Amino acid sequence: MKKAILFVAVVIGLVSCKKDQPAILTLNGTWELKAILGGFGPGEDVTDDNRDKYVITLNSKYVKTDANKVQTRGSYTVNLTEERNGYRFGTITFTNPAYTDAFAFKADTIIIGSSAADGPSYKYVRVKR
């Protein structure tokens with residue numbers, strides 16, 4: 001009987017353990033600039049059909065276009081620092097040109113930049129996976 005109670009206790013303990021699964025950040029797809037936020041002035045929606053786009057691949061590569069012409073291409077890395085209100089925050093580093101900026105990601109929205117430092121932030125929305 002003691003073995004059965006011990007077995008049940010172990011099974012309950014194993015089943016009730018929460019496993020921390022790392023959430024996979026899936027940035028692959030085509031991201032289109034939808035708005036410029038903050039900075040010294042008010043934000044503005046971007047409605048031009050030739051707006052900036054990022055095409056991001058699963059192997060950490062990107063192509064940035066402007067008016068449907070390739071402007072830059074290279075690699076990127078993301079360093080996540082926290083998760084709050086459904087957003088995942090951190091930094092994103094691009095290789096061409098080499099720079100790092102603040103980063104927030106939620107479902108099909110990426111915000112790059114930090115209006116907290118009086119600079120603009122750029123809101124991109126995924127338009128294709």
# chains A, B, ... in the order shown; residues from 1 in each chain; ligands from 1
>>> residues_around(residues="Asp49 of chain A", least_positions_apart="4", cutoff="12 Å", atoms="only C-alpha atoms", output="list of chain:residue names")
A:Glu32, A:Leu33, A:Lys34, A:Lys53, A:Asp66, A:Ala67, A:Asn68
>>> write_last_selection(atoms="N, CA and C atoms", output="PDB file, in the first residue's frame")
ATOM      1  N   GLU A  32       5.925  45.070 -43.206  1.00  0.00           N
ATOM      2  CA  GLU A  32       5.704  46.337 -43.893  1.00  0.00           C
ATOM      3  C   GLU A  32       5.558  47.465 -42.880  1.00  0.00           C
ATOM      4  N   LEU A  33       6.231  48.597 -43.143  1.00  0.00           N
ATOM      5  CA  LEU A  33       6.136  49.759 -42.264  1.00  0.00           C
ATOM      6  C   LEU A  33       4.717  50.309 -42.284  1.00  0.00           C
ATOM      7  N   LYS A  34       4.098  50.404 -41.100  1.00  0.00           N
ATOM      8  CA  LYS A  34       2.723  50.908 -41.003  1.00  0.00           C
ATOM      9  C   LYS A  34       2.643  52.262 -40.303  1.00  0.00           C
ATOM     10  N   LYS A  53      10.013  47.813 -46.316  1.00  0.00           N
ATOM     11  CA  LYS A  53       9.679  46.432 -45.955  1.00  0.00           C
ATOM     12  C   LYS A  53      10.938  45.719 -45.509  1.00  0.00           C
ATOM     13  N   ASP A  66      13.036  49.648 -49.897  1.00  0.00           N
ATOM     14  CA  ASP A  66      12.373  50.944 -49.849  1.00  0.00           C
ATOM     15  C   ASP A  66      11.898  51.218 -51.267  1.00  0.00           C
ATOM     16  N   ALA A  67      10.622  51.507 -51.424  1.00  0.00           N
ATOM     17  CA  ALA A  67      10.019  51.706 -52.748  1.00  0.00           C
ATOM     18  C   ALA A  67      10.290  50.499 -53.642  1.00  0.00           C
ATOM     19  N   ASN A  68      10.201  49.314 -53.032  1.00  0.00           N
ATOM     20  CA  ASN A  68      10.384  48.030 -53.718  1.00  0.00           C
ATOM     21  C   ASN A  68      11.772  47.838 -54.320  1.00  0.00           C
TER      22      ASN A  68
END
>>> residues_around(residues="segment 88-102 of chain A", least_positions_apart="2", cutoff="8 Å", atoms="only C-alpha atoms", output="list of chain:residue names")
A:Thr72, A:Arg73, A:Gly74, A:Ser75, A:Tyr76, A:Thr77, A:Val78, A:Asn79, A:Leu80, A:Thr81, A:Glu82, A:Glu83, A:Arg84, A:Gly86, A:Ala104, A:Phe105, A:Lys106, A:Ile112, A:Gly113, A:Ser114
>>> residues_around(residues="segment 120-126 of chain A", least_positions_apart="3", cutoff="9 Å", atoms="only C-alpha atoms", output="number ranges by chain")
A: 27-41, 43, 52-54, 102, 107-117, 129
>>> select_by_dssp(residues="segment 16-116 of chain A", states="strand (DSSP E or B)", output="PyMOL selection string")
chain A and resi 29-38+44-45+53-56+61-66+69-84+87-95+98-106+109-113
>>> atom_distance(atom1="atom CA of Ser60 of chain A", atom2="atom CA of Thr47 of chain A")
27.9 Å
>>> closest_residue(among="A:Thr26, A:Phe103, A:Glu44, A:Val70", to="Ile56 of chain A", atoms="only C-alpha atoms")
A:Thr26
